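Chemist: Before anything else, here's the structure in question.
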Amino acid sequence: MGELASNSSVYGPQAQAHILQYGESIELLVYNDNSKDHSLHLHRGEYQVVEVGPYGDAVANNHTAVEFQKSGPSPMRCDVVTVRAYSYIKLRFHVNRGMVALFHCHMMHGGYFGLAATFIAAPELLQKYVKVPEEAIRMCKLQGIKTSGNAAGNQGFDMTGLPLPILVNRE
């Protein structure tokens with residue numbers, strides 16, 4: 001993809017791609033406005049849990065602001081954490097290498113409602129140091145899947161042939 005690797009549009013709309021720069025620290029604030037708890041997983045990385053919002057009886061009986069938990073000087077590190085029903089969680093991670101990391105909800109219906117994103121971390125490093133295994137390229141070719149270009153296997157921003165996204169019928 002060359003210089004376009006730092007443009008989230010080339011990864012297609014389904015990827016929900018966010019480009020992160022080497023050395024950058026980001027915080028994710030995830031709200032759960034649902035009556036179910038959601039386990040959130042970051043593939044290929046770990047994050048710090050820096051804040052956990054109110055949950056349980058504190059929320060059920062009073063939907064106004066209540067005390068929340070903030071981390072101490074050394075926040076817990078993990079790759080899966082649960083955001084409780086009607087609450088929120090704040091996560092932080094530092095980009096210390098090139099990677100493609102999927103961030104998603106472990107509950108199937110969470111993905112249907114958009115609880116998924118792709119972090120493209122340090123794409124310039126990925127292009128420089130990561131080589132796709134020949135076996136992976138061979139398997140793609142056997143299935144008729146293009147092995148270069150953007151999300152649709154085309155050049156630039158041409159998304160012709162990109163598979164349709166999952167559609168949710170909420171009737």
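Going through the structure tokens in order, the chains are called A, B, and so on, while each chain numbers its residues from 1 and the ligands are numbered from 1 in the order shown.
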Taking the DSSP secondary structure from the backbone, can you list the residues of segment 50-164 of chain A that are strand (DSSP E), as a PyMOL selection string?
Modeler: chain A and resi 50-52+69-70+76-78+80-83+87-94+99-105+116-121
Chemist: Keeping N, CA and C atoms for every residue in the selection just given, could you write it to a file as a compact mmCIF listing (two decimals), in the first residue's frame?
Modeler:
```
# COMPACT_ATOMS: atom_id res chain seq x y z
N VAL A 50 -7.35 1.74 33.30
CA VAL A 50 -7.06 2.94 34.07
C VAL A 50 -8.28 3.50 34.80
N GLU A 51 -9.48 3.06 34.40
CA GLU A 51 -10.67 3.54 35.09
C GLU A 51 -11.83 2.59 34.83
N VAL A 52 -12.60 2.33 35.88
CA VAL A 52 -13.79 1.47 35.77
C VAL A 52 -14.97 2.26 36.32
N GLN A 69 -13.80 3.82 40.01
CA GLN A 69 -12.48 3.35 40.44
C GLN A 69 -11.43 3.84 39.46
N LYS A 70 -10.41 4.45 39.97
CA LYS A 70 -9.26 4.82 39.15
C LYS A 70 -8.10 3.93 39.54
N MET A 76 -3.41 -2.29 36.13
CA MET A 76 -3.45 -3.70 35.71
C MET A 76 -3.29 -3.79 34.20
N ARG A 77 -2.52 -4.77 33.74
CA ARG A 77 -2.35 -5.02 32.30
C ARG A 77 -3.06 -6.32 31.95
N CYS A 78 -3.77 -6.31 30.83
CA CYS A 78 -4.46 -7.52 30.39
C CYS A 78 -4.81 -7.39 28.92
N VAL A 80 -7.98 -8.98 27.99
CA VAL A 80 -9.43 -9.15 28.05
C VAL A 80 -9.92 -8.50 29.34
N VAL A 81 -10.97 -7.71 29.24
CA VAL A 81 -11.57 -7.08 30.42
C VAL A 81 -13.08 -6.98 30.17
N THR A 82 -13.85 -6.99 31.24
CA THR A 82 -15.30 -6.90 31.12
C THR A 82 -15.78 -5.51 31.47
N VAL A 83 -16.56 -4.93 30.58
CA VAL A 83 -17.23 -3.66 30.89
C VAL A 83 -18.65 -4.04 31.32
N SER A 87 -22.33 0.71 32.26
CA SER A 87 -21.15 1.31 32.86
C SER A 87 -20.16 1.66 31.75
N TYR A 88 -18.94 1.92 32.13
CA TYR A 88 -17.90 2.23 31.16
C TYR A 88 -16.57 1.75 31.70
N ILE A 89 -15.59 1.75 30.83
CA ILE A 89 -14.23 1.40 31.22
C ILE A 89 -13.28 2.23 30.37
N LYS A 90 -12.18 2.65 30.96
CA LYS A 90 -11.16 3.40 30.23
C LYS A 90 -9.90 2.55 30.18
N LEU A 91 -9.40 2.35 28.95
CA LEU A 91 -8.23 1.51 28.72
C LEU A 91 -7.13 2.35 28.07
N ARG A 92 -5.89 1.99 28.31
CA ARG A 92 -4.76 2.70 27.71
C ARG A 92 -3.77 1.69 27.15
N PHE A 93 -3.26 1.97 25.96
CA PHE A 93 -2.13 1.17 25.49
C PHE A 93 -1.15 2.02 24.71
N HIS A 94 0.07 1.53 24.69
CA HIS A 94 1.20 2.23 24.09
C HIS A 94 1.64 1.47 22.84
N MET A 99 1.92 -3.48 14.37
CA MET A 99 1.00 -4.62 14.50
C MET A 99 -0.38 -4.24 13.96
N VAL A 100 -1.13 -5.28 13.65
CA VAL A 100 -2.54 -5.12 13.34
C VAL A 100 -3.26 -5.83 14.47
N ALA A 101 -4.04 -5.08 15.24
CA ALA A 101 -4.68 -5.62 16.43
C ALA A 101 -6.19 -5.47 16.33
N LEU A 102 -6.88 -6.58 16.45
CA LEU A 102 -8.34 -6.55 16.47
C LEU A 102 -8.81 -6.33 17.89
N PHE A 103 -9.68 -5.36 18.09
CA PHE A 103 -10.30 -5.07 19.38
C PHE A 103 -11.77 -5.39 19.22
N HIS A 104 -12.28 -6.32 20.03
CA HIS A 104 -13.66 -6.75 19.80
C HIS A 104 -14.31 -7.26 21.08
N CYS A 105 -15.62 -7.38 21.02
CA CYS A 105 -16.40 -7.95 22.11
C CYS A 105 -16.45 -9.46 21.92
N ALA A 116 -16.39 -3.57 17.71
CA ALA A 116 -15.18 -4.10 17.08
C ALA A 116 -14.45 -2.97 16.37
N ALA A 117 -13.14 -3.03 16.39
CA ALA A 117 -12.31 -2.06 15.67
C ALA A 117 -10.98 -2.73 15.36
N THR A 118 -10.29 -2.19 14.38
CA THR A 118 -8.97 -2.68 14.01
C THR A 118 -7.97 -1.55 14.22
N PHE A 119 -6.93 -1.83 14.98
CA PHE A 119 -5.87 -0.86 15.18
C PHE A 119 -4.69 -1.24 14.30
N ILE A 120 -4.33 -0.34 13.40
CA ILE A 120 -3.16 -0.53 12.55
C ILE A 120 -2.06 0.31 13.20
N ALA A 121 -1.17 -0.35 13.91
CA ALA A 121 -0.14 0.34 14.68
C ALA A 121 1.17 0.38 13.91
```
Chemist: Determine which residues of chain A receive a DSSP assignment of helix (DSSP H, G or I), computed from the backbone, and state them as JSON, numbers by chain.
Modeler: {"A": [2, 3, 4, 5, 6, 8, 9, 10, 11, 13, 14, 15, 57, 58, 59, 60, 108, 109, 110, 111, 112, 123, 124, 125, 126, 127, 128, 129, 134, 135, 136, 137, 138, 139, 140, 141, 142]}
Chemist: For Gly53 of chain A, which residue among A:Asn150, A:Gln155, A:Ser39, A:Asn32 is the nearest when counting only C-alpha atoms?
Modeler: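 Checking each of A:Asn150, A:Gln155, A:Ser39, A:Asn32 against Gly53 of chain A, counting only C-alpha atoms, the winner is A:Asn32.
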Chemist: If you measure from atom CA of Asn34 of chain A to atom CA of Tyr86 of chain A, what distance in Å do you get, rounded to one decimal?
Modeler: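 Between atom CA of Asn34 of chain A and atom CA of Tyr86 of chain A the gap is 5.7 Å.
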Chemist: Pick the closest to Arg97 of chain A from A:Glu27, A:Glu124, A:Asp37, A:Asp158: which is it, counting only C-alpha atoms?
Modeler: A:Glu124
Chemist: Extract, using only C-alpha atoms, all DNA, RNA and protein residues at most 12 Å from Glu3 of chain A, discarding same-chain residues fewer than 4 positions from it, and format them as a PyMOL selection string.
Modeler: chain A and resi 7-8+10+123-125+127-128+149-150+155-156
Chemist: With C-alpha atoms retained, write the just-selected residues as an mmCIF file, in the first residue's frame.
Modeler:
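Once written, again05.cif looks like this:
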```cif
data_model
loop_
_atom_site.group_PDB
_atom_site.id
_atom_site.type_symbol
_atom_site.label_atom_id
_atom_site.label_comp_id
_atom_site.auth_asym_id
_atom_site.auth_seq_id
_atom_site.Cartn_x
_atom_site.Cartn_y
_atom_site.Cartn_z
ATOM 1 C CA ASN A 7 -4.823 6.199 5.598
ATOM 2 C CA SER A 8 -7.605 4.238 7.326
ATOM 3 C CA VAL A 10 -7.678 1.789 2.331
ATOM 4 C CA PRO A 123 2.065 0.815 9.479
ATOM 5 C CA GLU A 124 5.419 2.095 8.201
ATOM 6 C CA LEU A 125 7.164 -0.471 10.422
ATOM 7 C CA GLN A 127 5.657 -2.602 5.670
ATOM 8 C CA LYS A 128 9.356 -2.489 6.404
ATOM 9 C CA GLY A 149 -3.509 -3.634 -2.708
ATOM 10 C CA ASN A 150 -6.239 -2.229 -0.472
ATOM 11 C CA GLN A 155 -5.072 0.165 -5.982
ATOM 12 C CA GLY A 156 -5.705 3.412 -4.103
#
```
Chemist: List the spatial neighbours of Val95 of chain A as a PyMOL selection string - criterion: any atom at most 8 Å away, only C-alpha atoms, same-chain residues fewer than 5 positions off excluded.
Modeler: chain A and resi 20-25+121-122
Chemist: I'd like the interatomic distance between atom CA of Phe157 of chain A and atom CA of Ile26 of chain A, to a tenth of an Å.
Modeler: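 Separating atom CA of Phe157 of chain A from atom CA of Ile26 of chain A is a distance of 26.8 Å.
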Chemist: Taking into account only C-alpha atoms, which residue in the set A:Pro13, A:Met1, A:Ser6, A:Val30 is nearest to Pro163 of chain A?
Modeler: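 Closest residue, counting only C-alpha atoms: A:Pro13.
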Chemist: Name the closest residue to Gly2 of chain A among the candidates A:Ser148, A:Gln143, A:Leu164, A:Met159; distances are taken between atoms, counting only C-alpha atoms.
Modeler: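 Closest to Gly2 of chain A of all the choices is A:Ser148.
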Chemist: In Å, how far is it from atom CA of Lys146 of chain A to atom CA of Lys131 of chain A?
Modeler: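 Spanning atom CA of Lys146 of chain A to atom CA of Lys131 of chain A is a straight-line distance of 15.9 Å.
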